[in-house]
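Note: the block below is model02.txt and it holds compact mmCIF, C-alpha atoms.
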```
# COMPACT_ATOMS: atom_id res chain seq x y z
CA MET B 1 0.00 0.00 0.00
CA GLN B 2 1.08 3.58 -0.67
CA LYS B 3 0.55 6.77 1.29
CA THR B 4 0.30 9.92 -0.81
CA VAL B 5 0.15 13.33 0.86
CA PHE B 6 -1.46 16.31 -0.86
CA GLU B 7 -1.35 19.94 0.20
CA ILE B 8 -4.72 21.53 -0.56
CA SER B 9 -4.35 25.27 -0.04
CA LYS B 10 -8.06 26.11 -0.31
CA MET B 11 -9.26 23.37 2.04
CA ASP B 12 -10.15 25.57 4.99
CA CYS B 13 -13.59 24.27 5.88
CA PRO B 14 -15.13 20.82 6.50
CA SER B 15 -17.46 21.33 3.53
CA GLU B 16 -14.41 21.21 1.24
CA GLU B 17 -13.46 17.96 2.94
CA ASN B 18 -16.82 16.49 2.00
CA LEU B 19 -16.44 17.71 -1.58
CA ILE B 20 -13.10 15.91 -1.82
CA ARG B 21 -14.56 12.74 -0.30
CA MET B 22 -17.35 12.71 -2.88
CA LYS B 23 -14.96 13.41 -5.73
CA LEU B 24 -12.72 10.50 -4.78
CA ASP B 25 -15.62 8.18 -4.05
CA GLY B 26 -15.65 5.27 -6.47
CA ILE B 27 -11.93 5.24 -7.25
CA SER B 28 -10.80 1.68 -6.73
CA GLY B 29 -7.71 1.22 -4.65
CA ILE B 30 -8.37 3.98 -2.10
CA GLU B 31 -8.41 2.46 1.37
CA HIS B 32 -8.52 5.50 3.64
CA LEU B 33 -8.57 9.32 3.60
CA ASP B 34 -6.95 11.23 6.48
CA PHE B 35 -7.75 14.96 6.51
CA ASP B 36 -5.79 17.59 8.47
CA ILE B 37 -7.74 20.79 7.92
CA PRO B 38 -5.53 23.12 10.03
CA LYS B 39 -2.46 22.09 7.99
CA ARG B 40 -4.53 21.90 4.78
CA GLN B 41 -3.20 18.42 4.05
CA LEU B 42 -4.79 15.18 2.89
CA SER B 43 -3.13 11.78 3.27
CA ILE B 44 -4.49 9.10 0.97
CA TYR B 45 -3.78 5.41 1.61
CA HIS B 46 -4.19 3.57 -1.66
CA ASP B 47 -3.14 0.64 -3.78
CA GLY B 48 -2.34 2.09 -7.21
CA GLN B 49 -4.52 4.56 -9.18
CA LEU B 50 -2.24 7.47 -8.23
CA GLU B 51 -2.66 9.26 -11.55
CA GLN B 52 -6.46 9.09 -11.36
CA ILE B 53 -6.44 10.26 -7.73
CA GLU B 54 -4.20 13.23 -8.49
CA GLN B 55 -6.25 14.22 -11.54
CA SER B 56 -9.48 14.09 -9.53
CA ILE B 57 -8.06 16.38 -6.85
CA LEU B 58 -6.74 18.85 -9.43
CA GLU B 59 -10.17 18.98 -11.12
CA LEU B 60 -11.69 20.45 -7.94
CA LYS B 61 -9.39 23.49 -8.28
CA LEU B 62 -8.81 23.71 -4.54
CA GLY B 63 -5.09 24.30 -4.93
CA GLY B 64 -4.15 20.61 -4.69
CA GLU B 65 -0.47 19.72 -4.95
CA ARG B 66 1.11 16.31 -4.37
CA ILE B 67 3.83 16.51 -1.72
CA SER B 68 4.99 12.91 -1.40
CA THR B 69 4.25 9.26 -2.13
CA GLU B 70 5.76 6.48 -0.08
CA GLU B 71 5.24 2.83 0.73
CA THR B 72 3.45 2.09 4.00
CA GLU B 73 2.66 -1.03 5.97
CA VAL B 74 -0.45 0.42 7.60
CA LYS B 75 -3.38 -1.89 6.96
CA GLU B 76 -5.95 -1.06 9.60
CA PHE B 77 -7.71 2.26 9.98
CA ASN B 78 -9.94 3.65 12.68
CA GLU B 79 -12.79 5.20 10.74
CA GLY B 80 -14.31 6.67 13.87
CA LYS B 81 -17.77 5.80 15.10
CA GLY B 82 -20.58 8.29 15.14
CA GLN B 83 -19.56 10.09 11.94
CA ARG B 84 -23.13 10.17 10.66
CA LYS B 85 -24.30 11.63 13.99
CA LEU B 86 -21.74 14.42 13.69
CA LEU B 87 -22.74 15.10 10.10
CA TRP B 88 -26.37 15.35 11.18
CA THR B 89 -25.32 17.78 13.94
CA VAL B 90 -23.42 20.16 11.65
CA LEU B 91 -26.15 19.84 9.02
CA ALA B 92 -28.75 20.87 11.60
CA ILE B 93 -26.64 23.82 12.80
CA ASN B 94 -25.99 25.08 9.26
CA PHE B 95 -29.60 24.69 8.13
CA ALA B 96 -30.93 26.34 11.30
CA PHE B 97 -28.72 29.37 10.70
CA PHE B 98 -29.74 29.43 7.04
CA LEU B 99 -33.33 29.92 8.23
CA ILE B 100 -32.35 32.40 10.96
CA GLU B 101 -30.14 34.55 8.72
CA MET B 102 -32.59 34.46 5.82
CA ALA B 103 -35.47 35.58 8.05
CA THR B 104 -33.52 38.27 9.89
CA GLY B 105 -31.88 39.39 6.64
CA VAL B 106 -35.26 39.96 5.01
CA PHE B 107 -36.75 41.76 8.02
CA SER B 108 -33.65 43.90 8.61
CA SER B 109 -33.19 44.64 4.87
CA SER B 110 -29.64 43.22 4.97
CA MET B 111 -28.34 41.56 1.80
CA GLY B 112 -25.22 40.58 3.73
CA LEU B 113 -27.26 38.36 6.05
CA VAL B 114 -29.30 36.97 3.16
CA ALA B 115 -26.12 36.11 1.26
CA ASP B 116 -24.52 34.54 4.33
CA SER B 117 -27.65 32.44 4.83
CA LEU B 118 -27.12 31.01 1.33
CA ASP B 119 -23.53 30.20 2.24
CA MET B 120 -24.88 28.27 5.23
CA LEU B 121 -27.34 26.54 2.91
CA ALA B 122 -24.45 25.62 0.59
CA ASP B 123 -22.66 23.87 3.45
CA SER B 124 -25.93 22.14 4.36
CA PHE B 125 -26.13 20.81 0.81
CA VAL B 126 -22.64 19.35 1.04
CA TYR B 127 -23.33 17.64 4.36
CA GLY B 128 -26.73 16.50 3.11
CA ILE B 129 -25.24 14.94 -0.01
CA SER B 130 -22.79 13.03 2.17
CA LEU B 131 -25.63 11.75 4.38
CA PHE B 132 -28.46 11.01 1.99
CA ALA B 133 -26.25 9.56 -0.71
CA ALA B 134 -24.24 7.42 1.72
CA GLY B 135 -24.11 3.89 0.47
CA GLY B 136 -25.78 4.88 -2.78
CA THR B 137 -24.44 4.55 -6.27
CA LEU B 138 -22.05 7.07 -7.78
CA THR B 139 -24.77 8.01 -10.29
CA LYS B 140 -27.15 8.85 -7.44
CA LYS B 141 -24.56 11.05 -5.74
CA LYS B 142 -23.82 12.89 -8.98
CA ARG B 143 -27.51 13.52 -9.58
CA ILE B 144 -28.01 14.97 -6.09
CA ALA B 145 -24.86 17.11 -6.43
CA LYS B 146 -26.07 18.49 -9.76
CA LEU B 147 -29.48 19.45 -8.37
CA ALA B 148 -27.91 21.12 -5.33
CA GLY B 149 -25.44 23.06 -7.49
CA TYR B 150 -28.08 24.43 -9.87
CA PHE B 151 -30.37 25.36 -6.98
CA GLN B 152 -27.55 27.33 -5.35
CA ILE B 153 -26.80 29.20 -8.57
CA ILE B 154 -30.46 30.13 -9.05
CA LEU B 155 -30.65 31.55 -5.51
CA ALA B 156 -27.39 33.45 -5.98
CA VAL B 157 -28.58 34.98 -9.28
CA ILE B 158 -31.78 36.14 -7.58
CA GLY B 159 -29.58 37.64 -4.87
CA PHE B 160 -27.42 39.49 -7.41
CA ALA B 161 -30.55 40.93 -9.03
CA GLU B 162 -31.82 42.17 -5.68
CA VAL B 163 -28.45 43.79 -4.92
CA LEU B 164 -28.61 45.68 -8.23
CA ARG B 165 -32.18 46.79 -7.55
CA ARG B 166 -31.24 48.13 -4.13
CA PHE B 167 -28.06 49.75 -5.41
CA PHE B 168 -29.93 51.89 -7.93
CA GLY B 169 -33.12 52.33 -5.90
CA ALA B 170 -33.96 54.26 -2.77
CA GLU B 171 -33.95 51.67 -0.01
CA LYS B 172 -34.04 52.09 3.75
CA LEU B 173 -30.87 51.44 5.70
CA PRO B 174 -30.32 47.89 6.94
CA ASP B 175 -30.66 47.37 10.69
CA PHE B 176 -26.96 47.32 11.57
CA SER B 177 -27.53 46.01 15.10
CA THR B 178 -29.37 42.95 13.75
CA MET B 179 -26.60 42.37 11.20
CA ILE B 180 -23.93 42.39 13.88
CA THR B 181 -25.82 40.34 16.47
CA VAL B 182 -26.91 37.56 14.11
CA SER B 183 -23.46 37.38 12.49
CA ILE B 184 -21.80 36.97 15.90
CA PHE B 185 -24.07 33.99 16.63
CA ALA B 186 -23.36 32.58 13.15
CA LEU B 187 -19.65 32.98 13.86
CA ILE B 188 -20.06 30.93 17.04
CA ALA B 189 -22.08 28.30 15.15
CA ASN B 190 -19.37 27.92 12.51
CA GLY B 191 -16.76 27.59 15.24
CA ILE B 192 -18.80 24.81 16.88
CA CYS B 193 -19.13 22.94 13.56
CA LEU B 194 -15.41 23.14 12.91
CA TYR B 195 -14.65 22.04 16.47
CA LEU B 196 -16.92 19.02 16.34
CA LEU B 197 -15.64 17.83 12.98
CA GLN B 198 -11.99 18.31 13.79
CA LYS B 199 -12.43 16.63 17.17
CA SER B 200 -13.96 13.62 15.48
CA LYS B 201 -10.95 13.25 13.21
CA SER B 202 -8.20 13.78 15.75
CA LYS B 203 -9.96 12.33 18.81
CA GLU B 204 -8.42 15.13 20.84
CA ALA B 205 -10.38 17.87 22.55
CA HIS B 206 -8.52 20.67 20.87
CA MET B 207 -9.27 23.32 18.29
CA GLN B 208 -6.70 25.84 17.19
CA ALA B 209 -8.04 29.39 16.92
CA SER B 210 -5.98 29.78 13.75
CA MET B 211 -8.08 27.07 12.13
CA ILE B 212 -11.31 28.90 12.90
CA PHE B 213 -10.11 32.24 11.60
CA THR B 214 -8.78 30.81 8.33
CA SER B 215 -12.20 29.43 7.50
CA ASN B 216 -14.08 31.11 4.63
CA ASP B 217 -17.28 30.92 6.64
CA VAL B 218 -15.75 32.77 9.56
CA ILE B 219 -14.27 35.41 7.27
CA ILE B 220 -17.72 35.94 5.78
CA ASN B 221 -19.24 36.36 9.25
CA LEU B 222 -16.59 38.93 10.13
CA GLY B 223 -17.26 40.68 6.82
CA VAL B 224 -20.96 41.05 7.60
CA ILE B 225 -20.12 42.38 11.07
CA ALA B 226 -17.76 44.94 9.51
CA ALA B 227 -20.42 45.88 6.97
CA GLY B 228 -22.90 46.47 9.80
CA LEU B 229 -20.48 48.82 11.50
CA LEU B 230 -19.87 50.70 8.23
CA VAL B 231 -23.60 50.98 7.56
CA ASN B 232 -24.00 52.70 10.92
CA TRP B 233 -20.88 54.83 10.45
CA PHE B 234 -21.63 56.13 6.94
CA SER B 235 -25.44 55.92 7.13
CA SER B 236 -25.35 54.09 3.80
CA ASN B 237 -26.52 50.68 2.60
CA LYS B 238 -23.56 50.36 0.20
CA PRO B 239 -21.30 48.37 2.61
CA ASP B 240 -24.11 45.84 3.07
CA LEU B 241 -24.59 45.54 -0.71
CA ILE B 242 -20.86 45.12 -1.27
CA ILE B 243 -20.49 42.29 1.26
CA GLY B 244 -23.66 40.72 -0.14
CA THR B 245 -22.20 40.74 -3.65
CA ILE B 246 -18.94 39.18 -2.46
CA VAL B 247 -20.73 36.39 -0.59
CA PHE B 248 -23.09 35.67 -3.50
CA ALA B 249 -19.99 35.29 -5.69
CA LEU B 250 -18.54 32.80 -3.18
CA VAL B 251 -21.84 30.88 -3.20
CA VAL B 252 -21.68 30.62 -7.00
CA GLN B 253 -18.06 29.46 -6.76
CA GLY B 254 -19.10 26.75 -4.30
CA ALA B 255 -22.01 25.75 -6.53
CA ILE B 256 -19.66 25.32 -9.49
CA ARG B 257 -17.48 23.00 -7.41
CA ILE B 258 -20.54 20.94 -6.48
CA LEU B 259 -21.62 20.79 -10.14
CA LYS B 260 -18.21 19.39 -11.07
CA LEU B 261 -19.01 16.42 -8.86
CA GLY B 262 -22.01 15.74 -11.06
CA LYS B 263 -19.91 15.31 -14.19
```

Could you render the structure as C-alpha cells?
Amino acid sequence: MQKTVFEISKMDCPSEENLIRMKLDGISGIEHLDFDIPKRQLSIYHDGQLEQIEQSILELKLGGERISTEETEVKEFNEGKGQRKLLWTVLAINFAFFLIEMATGVFSSSMGLVADSLDMLADSFVYGISLFAAGGTLTKKKRIAKLAGYFQIILAVIGFAEVLRRFFGAEKLPDFSTMITVSIFALIANGICLYLLQKSKSKEAHMQASMIFTSNDVIINLGVIAAGLLVNWFSSNKPDLIIGTIVFALVVQGAIRILKLGK
C-alpha cells in the first residue's frame, strides 16, 4: 500500500473535505482518507490509481499539490464511530442558521445576512449529499450534487438581481444592530461545527483558533459584522450591498465546485 500526501491550499472548511470525499468516491484502490484541515493536508492510503487520484483532486481546483508518495505497511484504519451523527449535527446547525439569517436578513433589509444564509445553505447541501447519498451509487450522488449546485446558482442569481435593484433604488438602511448580532451567533455556530468535525478526526479535545479564523465561513461572518459597522458609520446601505455581492460570488463558486461532482 502507498501513502500519498497532498497539500490543498483552499481546504479551509469541513465542507471542502466532504467535496473531496465525494470526488474520490468510487476510485478503486483507495483504502482511507486522512484529513488535516488546520495544515490543509490530505493523506491518501491507496493501492495504485495514483494518476487518477491526483487528476481528480486537481479537477476540484482547490489548490491541490502532491507533496509525497511512499510505501506504508499500515493496513488497519480507525474510521471513527458516530460520523453520521456528527454530520447530522453540523447539518442541523448550518440549516438552522440558514433559516435564521434568511429571516432576519429579510426583516432587517440586509443583503449581507441573506447572502450569508445562502452560504450556510451551501454547506448544508454538502453535508446533506454526504448523508443522503451514503451507500448509494455514484450516479445517485452525482444527480443529487447536480441538483444542489443548480439550486444554489439560481438563488445566488436572484440575490445578485436584488443587490442591483437596491443599489440603484432608494432603499431604507439595513438594521446594523441585527446584522452584527446575528453574524456573531453565526460565527459561534461555525466555530462549533469546525470544532466538532476536527475533534472527530483527531480524537483530541482541541481546536486551534488559527483554524477557525482561516475558514471562509468565519471570514464571511466577520465581513458582515464589519459591513454592519460601516452601515451605521456612513449611514449608507452600500457596505451591506458590497459584502452581499462578495458572498453571493462565493456561493456561486461553491455551486460550481458541487456541479463538477455531477460530471

Find the residues around stretch 24-27 of chain B up to 9 Å (all atoms listed in the file counted), leave out those fewer than 3 positions away in its own chain, and share them as an NGL selection string.
:B and (19-21 or 30 or 49 or 52-53 or 56-57 or 137-138)

12 Å contact set for B:Ala148, only C-alpha atoms, chain neighbours under 6 positions out, as a ChimeraX atom specification
/B:118,121-129,141-142,154-155,251-252,254-262

Selection near B:Tyr45, 9 Å with only C-alpha atoms, sequence-local residues under 3 positions removed, as a count of residues only
13

I want to know what sits within 7 Å of stretch 232-247 of chain B, based on all atoms listed in the file, with residues of the same chain fewer than 2 positions away left out; could you give that as a CSV table (one decimal) with C-alpha atoms, in the frame of the given file?
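The new file around.csv reads:
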```
chain,number,residue,atom,x,y,z
B,110,SER,CA,-29.6,43.2,5.0
B,111,MET,CA,-28.3,41.6,1.8
B,112,GLY,CA,-25.2,40.6,3.7
B,115,ALA,CA,-26.1,36.1,1.3
B,116,ASP,CA,-24.5,34.5,4.3
B,160,PHE,CA,-27.4,39.5,-7.4
B,163,VAL,CA,-28.4,43.8,-4.9
B,173,LEU,CA,-30.9,51.4,5.7
B,174,PRO,CA,-30.3,47.9,6.9
B,176,PHE,CA,-27.0,47.3,11.6
B,223,GLY,CA,-17.3,40.7,6.8
B,224,VAL,CA,-21.0,41.0,7.6
B,227,ALA,CA,-20.4,45.9,7.0
B,228,GLY,CA,-22.9,46.5,9.8
B,229,LEU,CA,-20.5,48.8,11.5
B,230,LEU,CA,-19.9,50.7,8.2
B,249,ALA,CA,-20.0,35.3,-5.7
B,250,LEU,CA,-18.5,32.8,-3.2
B,251,VAL,CA,-21.8,30.9,-3.2
```

Using all atoms listed in the file for the distances, tell me which of B:Lys39, B:Met22, B:Thr89, B:Thr69 is nearest to B:Leu196.
B:Thr89

Of the listed residues B:Phe6, B:Glu59, B:Glu54, B:Gly159, that which approaches B:Leu113 most closely, counting all atoms listed in the file
B:Gly159

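Atom pair atom CA of B:Val218 / atom CA of B:Val231 has a distance of 19.9 Å (rounded to one decimal).
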
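Atom CA of B:Ser117 is found 18.6 Å from atom CA of B:Leu164.
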
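Here atom CA of B:Ile100 and atom CA of B:Phe185 stand 10.2 Å from one another.
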